[in-house]
Structure formats: structure tokens, C-alpha cells
Amino acid sequence: MSNISERTVENSFWQEFRAPGAWLFALCAVLLPNLVFIVLSFLTYIDRTVVLCLYLLAGILALRVPIWLTAILYLGILAFDVIIVISSIFMLHPKLLLHSLHYMVSFNLFASTTYLLIAGGLLISFSAALYLLKRHRTAMRDVSLLPAFFCVFVIVGANAMSGVRPLMLLTHDLGAPPTFGSAIQESQLVSPNVLPENNVLFVMVEGMGAFENPEHQNYLASRLQGKGLESRYEISAGTAPYTGSTTSGEMRELCGRWGDYLDFLEGQSIDCLPQRLQKNGFETASFHAYFGSFFSRSDWYPKVGFEQSYFATDLAKRYTADQLPLCGVTFEGLCDMAVADQLQAYLTDGATKPRFTYWLTLNSHIPIAPDEGTEYFACETGGPFGDRFICDMTEMWMDVIDRVAEIANDPDLPPTDIIVVGDHHPPLWTRNGRGKFQKDKVAWFALKAKAE
């Protein structure tokens, strides 16, 4: 009798697990809402365990509540999901991302085919889930939830067992930040307590992380070699820790602390290097190929200490409309090399006052436009990196370093100490791509002008 009873329970469990209605519910509540991100998980790993559970909970509620309320629940969870994904990829704290949503109107999000495909996939998968829930809700109302739980378990387990760390956890902000460091600090070109003897040119390169492979890193370092710079400069290189996105990198280097631009907008009093130099007789200026309204730079750059900031609108005045040199895809702005032309003219105009000059590059911001950089490698086949995306991006970084070397060699340039550093790890989607860069490190290069 016991065996019969156990067999009956076993058969009942298996029947419930195999029931078509149970798997249809798993499709509506787990697989379809997460379909786009399941596909993307083959490329990258984003910890979405909480979101998976929220979709499942919304699916359970959908069997009892009106379909319009289900649609609202799904849209709310999708919004939260997108915030988590974007935060993870672009290293923006969710709070910072929410504050930055209104800046979306300043760039063309759907100029990127990738973003268009993702948006289209989300629209189709969510519409399909809502349609099936509405049409078959009665048949699914009393089915077993085991297949749905099984799907959640498989998705979470597959990511966890991949051996790849997630881009960023939901608890990212709860952990202690890394020990502070910066290129300015590590290079020792500028002392926090002593005024610089020379002018200072500080260049922050969008997305320039530190390669794991020394050979790959040497592609960047070698751009400062063999050009006669050794006769005028002491050349050094290294890495510095980073946390957060570009504005966090700016805070790290310009103000010597962890933070982001919200600290300025919230009225905090922060001691920053350009501000100190300005008070001691230095001219301070910044150059950037995008708009000053983006991330409110035109508002907080003066608080950092920049007397004059040249953004896209200012730099574009020297061109006619049909000659405007534009680069980039989603973040289309002036070409960095065009900005470098005006930067070089500024630095060599014969001014007698000491200067601190800051150049924030733009064009290597993801998503990049292929082939905008000078061709150093055969990037069509991935070049020495085995990755087309990294290859194209590296060519852009090499162009920036080449222009810095050209500026440094200009005979009209007064004695100038130069630092080039990345803002953050490149926000790559692929597991393979992320593995080519050091964890939580950016590369820097420094040129210390020798006494004449």
C-alpha cells in the first residue's frame, strides 16, 4: 500500500510539473518578460535575481487582477529592470541614473542598432506575455508554479555558474569603496600643498581602462615613445583605482575624493585642484566635445574652479554648418581631434599666466562608431584583441595619446606637465571583452617637463 501511495504522489507531482498550463504560465511570468535579458546573458552577466522574482510575483497576481493592472505592474518592473541594467553596464549608481534621466533628450538613443533591437525585443516579448496572460488566465489560474520556479532557478544558476562576476550588484553602494587613488596622486606631478612649477594639461579619456595583457597595454604606452619626448619630459605610467562613471572619475582626479557631480548640485563645499590653482593666479579652462548641459557640467564646472569652459556649442563657432566635424553615434558631438586642434591653439597662444587646462574626450563613449579612429590594426577581424569593438576603441585611445604627444612636442608650448588617464573601465557588454581589462583599474600616463 505504501508503494502505491508513494507512486501516486510521484505521478501526481510529475503530472503537475508536465502540465502544459504550468509551462504556459512559466512562459508568461518568467521566460517572456526576461527573454531579451536571457539572450544578452550569453554575452554578459547582470545580477537580476530580484527582478526575476518580481516578474514571477507579477505573473501570479495577473491571474487574479485585471489585465490593465498587470500591464502597469509589468511596466513598473520593466522600468526598474532597465535602471538596474543601465546602472550595471555604465557604472551609474541607480540614484545617479534616476537623476540623470532628463538628459536623455540630449542624445539620440536609437541611433544605435543595438538599442533599437533591444527596445523592439522588449516591446514584442512583453506584448506577447500580456496577450497570453489575458487569453489563458482561466486555464492557468490553478496550475502548479513548479515550472516557473524551475525556470528562475535555471536562469540564476546558469549565470552564477558561469564563473564571471556580475557587472554590478544591487548592493554595490553598500560595500566600502576601494582605497582612494588617482593619476594625479600616483604620478606625483601635482602636489596637494605646493603650486605647480609648470603649466598643467590634464586629459581624461572616455572609457580607457587598463588592459590585463601587458602587450595590449603597450599599444597605448608606445604612442609616447620614439617621438623625441624623452629629451623634454620624464615619462611614467601606471594604474589607478576607479569607482562609478565619468563624473565620478572627474571628481576623483580634480577633487581628490570619491563622489560624483550631485555632490556639487546638492551644495557641498568641496576643495578641488582647479579652484585652488585659480585662487593662486592660474588660468583654468576645460574643453569637451559635448554639450555643457549634459550632466549639468556648465553648472558645476565653475564650482570645481574652471574660469572658462569650452563645450560643443562654443567650439563649433569656428566652423560653418556644412563643415562641422561630428563624430559618435548615440553621443554625437564634435570630433575629439577637432577639439584637440583648438586645445593646442589655446595652449600655445603665448599667454604669460600659468595655466591648468582640462580636456575630457568624448568619441570613445559606448556605443562607438566603427572606423572613426586611425587604422592601426585590422579591426575588421578583431585585430590583436580578437574583438572588433575593443580594437576600434583602442584605436581611438591611441589617436588621443598621439595628439597629446604632438601637443607636448610643439615648440611653442611652454613648460607643461601632462597627465592622461581613463575615467573608468570601458562599459563592455561581453564577458570576453570585460575579461581583457583589469578589474576596477584605469591606465594613466604622465609627462613631467624637464627643467630647461
# chains A, B, ... in the order shown; residues from 1 in each chain; ligands from 1

$ residues_around --residues "Arg252 of chain A" --least-positions-apart "5" --cutoff "7 Å" --atoms "only C-alpha atoms" --output "number ranges by chain"
A: 182, 257-258

$ write_last_selection --atoms "N, CA and C atoms" --output "short mmCIF file (atom, residue, chain, number, x, y, z; two decimals), in the first residue's frame"
data_model
loop_
_atom_site.label_atom_id
_atom_site.label_comp_id
_atom_site.auth_asym_id
_atom_site.auth_seq_id
_atom_site.Cartn_x
_atom_site.Cartn_y
_atom_site.Cartn_z
N SER A 182 44.43 58.12 -7.41
CA SER A 182 44.17 58.88 -8.63
C SER A 182 45.46 59.00 -9.42
N ARG A 257 38.86 62.84 -4.35
CA ARG A 257 37.95 62.12 -3.45
C ARG A 257 36.96 61.32 -4.30
N TRP A 258 36.31 60.33 -3.67
CA TRP A 258 35.23 59.62 -4.34
C TRP A 258 33.97 60.49 -4.29
#

$ closest_atom_pairs --of "segment 234-349 of chain A" --to "segment 437-452 of chain A" --cutoff "9 Å" --atoms "only C-alpha atoms" --output "Markdown table"
| residue | atom | partner | partner_atom | distance |
| --- | --- | --- | --- | --- |
| A:Glu234 | CA | A:Lys448 | CA | 4.9 |
| A:Ile235 | CA | A:Leu447 | CA | 4.8 |
| A:Ser236 | CA | A:Ala446 | CA | 5.2 |
| A:Ala237 | CA | A:Phe445 | CA | 4.3 |
| A:Gly238 | CA | A:Trp444 | CA | 5.5 |
| A:Thr239 | CA | A:Ala443 | CA | 4.5 |
| A:Ala240 | CA | A:Val442 | CA | 5.5 |
| A:Pro241 | CA | A:Lys441 | CA | 4.6 |
| A:Tyr242 | CA | A:Asp440 | CA | 5.7 |
| A:Thr243 | CA | A:Asp440 | CA | 6.9 |

$ residues_around --residues "segment 384-390 of chain A" --least-positions-apart "3" --cutoff "10 Å" --atoms "only C-alpha atoms" --output "mmCIF file with C-alpha atoms, in the first residue's frame"
data_model
loop_
_atom_site.group_PDB
_atom_site.id
_atom_site.type_symbol
_atom_site.label_atom_id
_atom_site.label_comp_id
_atom_site.auth_asym_id
_atom_site.auth_seq_id
_atom_site.Cartn_x
_atom_site.Cartn_y
_atom_site.Cartn_z
ATOM 1 C CA ASN A 213 47.686 41.814 -21.186
ATOM 2 C CA GLU A 215 51.282 43.602 -24.762
ATOM 3 C CA HIS A 216 47.883 45.194 -25.251
ATOM 4 C CA ILE A 366 29.871 53.460 -25.961
ATOM 5 C CA PRO A 367 28.285 52.852 -28.434
ATOM 6 C CA ILE A 368 31.168 53.881 -30.678
ATOM 7 C CA ALA A 369 31.124 54.401 -34.427
ATOM 8 C CA PRO A 370 33.370 51.821 -36.124
ATOM 9 C CA PHE A 377 45.121 47.308 -36.764
ATOM 10 C CA ALA A 378 42.953 45.099 -38.936
ATOM 11 C CA CYS A 379 39.924 45.669 -36.723
ATOM 12 C CA GLU A 380 37.523 44.015 -39.164
ATOM 13 C CA THR A 381 38.864 40.679 -37.886
ATOM 14 C CA MET A 393 38.010 51.726 -29.230
ATOM 15 C CA THR A 394 41.754 51.229 -28.719
ATOM 16 C CA GLU A 395 42.460 52.994 -31.996
ATOM 17 C CA MET A 396 40.516 55.991 -30.681
ATOM 18 C CA PRO A 426 35.072 50.541 -20.680
ATOM 19 C CA LEU A 428 31.561 46.499 -22.360
ATOM 20 C CA THR A 430 30.577 40.975 -23.499
ATOM 21 C CA ASN A 432 35.159 38.194 -23.248
ATOM 22 C CA GLY A 433 35.636 41.937 -23.657
ATOM 23 C CA ARG A 434 35.442 42.701 -19.938
ATOM 24 C CA LYS A 436 40.616 41.860 -21.233
#

$ residues_around --residues "Asn34 of chain A" --least-positions-apart "3" --cutoff "9 Å" --atoms "only C-alpha atoms" --output "list in words"
Ala29, Val30, Leu31, Phe37, Ile38, Val39, Leu52, Tyr55, Leu122, Ser125 and Phe126 of chain A

$ write_last_selection --atoms "C-alpha atoms" --output "JSON list (two decimals), in the first residue's frame"
[["chain", "number", "residue", "atom", "x", "y", "z"],
["A", 29, "ALA", "CA", 5.64, 35.04, -15.98],
["A", 30, "VAL", "CA", 9.35, 34.21, -16.38],
["A", 31, "LEU", "CA", 10.60, 33.47, -19.87],
["A", 37, "PHE", "CA", 17.96, 39.71, -20.96],
["A", 38, "ILE", "CA", 18.25, 35.91, -21.21],
["A", 39, "VAL", "CA", 19.65, 36.37, -24.72],
["A", 52, "LEU", "CA", 13.23, 37.73, -11.90],
["A", 55, "TYR", "CA", 8.24, 39.30, -12.66],
["A", 122, "LEU", "CA", 11.22, 44.19, -25.15],
["A", 125, "SER", "CA", 8.12, 39.95, -25.59],
["A", 126, "PHE", "CA", 6.03, 42.00, -23.15]]

$ atom_distance --atom1 "atom CA of Leu324 of chain A" --atom2 "atom CA of Phe311 of chain A"
14.1 Å

$ residues_around --residues "Tyr358 of chain A" --least-positions-apart "2" --cutoff "10 Å" --atoms "only C-alpha atoms" --output "count of residues only"
20

$ select_by_dssp --residues "segment 268-369 of chain A" --states "helix (DSSP H, G or I)" --output "ChimeraX atom specification"
/A:273-279,294-304,312-318,321-323,336-347

$ write_last_selection --atoms "N, CA and C atoms" --output "compact mmCIF listing (two decimals), in the first residue's frame"
# COMPACT_ATOMS: atom_id res chain seq x y z
N LEU A 273 41.27 70.90 -7.11
CA LEU A 273 42.55 71.42 -7.60
C LEU A 273 42.39 72.65 -8.48
N PRO A 274 41.52 72.67 -9.51
CA PRO A 274 41.41 73.88 -10.33
C PRO A 274 41.03 75.11 -9.51
N GLN A 275 40.20 74.92 -8.52
CA GLN A 275 39.78 76.04 -7.66
C GLN A 275 40.98 76.60 -6.89
N ARG A 276 41.80 75.69 -6.33
CA ARG A 276 42.98 76.14 -5.58
C ARG A 276 43.95 76.88 -6.50
N LEU A 277 44.15 76.34 -7.70
CA LEU A 277 45.09 76.98 -8.63
C LEU A 277 44.57 78.32 -9.11
N GLN A 278 43.26 78.40 -9.36
CA GLN A 278 42.67 79.66 -9.79
C GLN A 278 42.89 80.74 -8.75
N LYS A 279 42.73 80.41 -7.49
CA LYS A 279 42.92 81.37 -6.40
C LYS A 279 44.38 81.81 -6.28
N PHE A 294 24.79 68.58 -20.46
CA PHE A 294 24.79 67.16 -20.17
C PHE A 294 25.49 66.91 -18.83
N PHE A 295 24.77 66.26 -17.92
CA PHE A 295 25.22 66.08 -16.54
C PHE A 295 25.55 67.42 -15.87
N SER A 296 24.91 68.48 -16.35
CA SER A 296 24.99 69.80 -15.70
C SER A 296 26.41 70.33 -15.57
N ARG A 297 27.28 69.96 -16.51
CA ARG A 297 28.68 70.39 -16.40
C ARG A 297 28.82 71.91 -16.43
N SER A 298 27.98 72.58 -17.20
CA SER A 298 28.07 74.04 -17.25
C SER A 298 27.71 74.66 -15.91
N ASP A 299 27.00 73.90 -15.05
CA ASP A 299 26.64 74.41 -13.72
C ASP A 299 27.72 74.11 -12.68
N TRP A 300 28.29 72.89 -12.72
CA TRP A 300 29.23 72.55 -11.65
C TRP A 300 30.71 72.73 -11.99
N TYR A 301 31.04 72.87 -13.29
CA TYR A 301 32.45 73.13 -13.63
C TYR A 301 32.95 74.43 -13.00
N PRO A 302 32.17 75.52 -12.98
CA PRO A 302 32.65 76.71 -12.28
C PRO A 302 32.90 76.46 -10.79
N LYS A 303 32.13 75.56 -10.18
CA LYS A 303 32.33 75.25 -8.76
C LYS A 303 33.60 74.44 -8.53
N VAL A 304 34.01 73.68 -9.54
CA VAL A 304 35.28 72.97 -9.47
C VAL A 304 36.44 73.96 -9.54
N ALA A 312 30.66 71.97 -26.78
CA ALA A 312 30.41 71.80 -28.21
C ALA A 312 29.91 73.09 -28.86
N THR A 313 28.98 73.77 -28.19
CA THR A 313 28.41 75.00 -28.76
C THR A 313 29.48 76.05 -28.96
N ASP A 314 30.41 76.16 -28.01
CA ASP A 314 31.48 77.16 -28.11
C ASP A 314 32.50 76.76 -29.17
N LEU A 315 32.88 75.48 -29.17
CA LEU A 315 33.93 75.02 -30.07
C LEU A 315 33.45 74.97 -31.52
N ALA A 316 32.13 74.84 -31.73
CA ALA A 316 31.60 74.73 -33.09
C ALA A 316 31.56 76.07 -33.82
N LYS A 317 31.78 77.18 -33.12
CA LYS A 317 31.63 78.50 -33.72
C LYS A 317 32.65 78.76 -34.83
N ARG A 318 33.75 78.04 -34.82
CA ARG A 318 34.78 78.29 -35.83
C ARG A 318 34.47 77.59 -37.15
N ALA A 321 28.18 75.41 -40.94
CA ALA A 321 27.28 74.29 -40.69
C ALA A 321 27.66 73.06 -41.52
N ASP A 322 28.10 73.26 -42.76
CA ASP A 322 28.43 72.12 -43.61
C ASP A 322 29.83 71.59 -43.38
N GLN A 323 30.63 72.28 -42.56
CA GLN A 323 32.00 71.84 -42.25
C GLN A 323 32.13 71.27 -40.84
N ASP A 336 36.83 64.49 -31.38
CA ASP A 336 37.87 64.80 -30.40
C ASP A 336 39.09 65.43 -31.05
N MET A 337 39.45 64.98 -32.24
CA MET A 337 40.63 65.54 -32.90
C MET A 337 40.41 67.00 -33.29
N ALA A 338 39.17 67.37 -33.57
CA ALA A 338 38.87 68.77 -33.86
C ALA A 338 38.99 69.60 -32.58
N VAL A 339 38.54 69.03 -31.47
CA VAL A 339 38.71 69.72 -30.18
C VAL A 339 40.19 69.87 -29.87
N ALA A 340 40.99 68.84 -30.17
CA ALA A 340 42.42 68.90 -29.91
C ALA A 340 43.08 70.04 -30.67
N ASP A 341 42.59 70.33 -31.88
CA ASP A 341 43.14 71.45 -32.65
C ASP A 341 42.98 72.76 -31.89
N GLN A 342 41.78 72.98 -31.36
CA GLN A 342 41.52 74.22 -30.63
C GLN A 342 42.24 74.22 -29.28
N LEU A 343 42.33 73.05 -28.67
CA LEU A 343 43.08 72.94 -27.41
C LEU A 343 44.54 73.32 -27.63
N GLN A 344 45.15 72.82 -28.69
CA GLN A 344 46.55 73.10 -28.96
C GLN A 344 46.76 74.59 -29.24
N ALA A 345 45.84 75.17 -29.99
CA ALA A 345 45.94 76.61 -30.26
C ALA A 345 45.87 77.41 -28.97
N TYR A 346 45.01 77.00 -28.07
CA TYR A 346 44.87 77.69 -26.78
C TYR A 346 46.15 77.58 -25.96
N LEU A 347 46.73 76.38 -25.93
CA LEU A 347 47.91 76.14 -25.09
C LEU A 347 49.16 76.83 -25.62
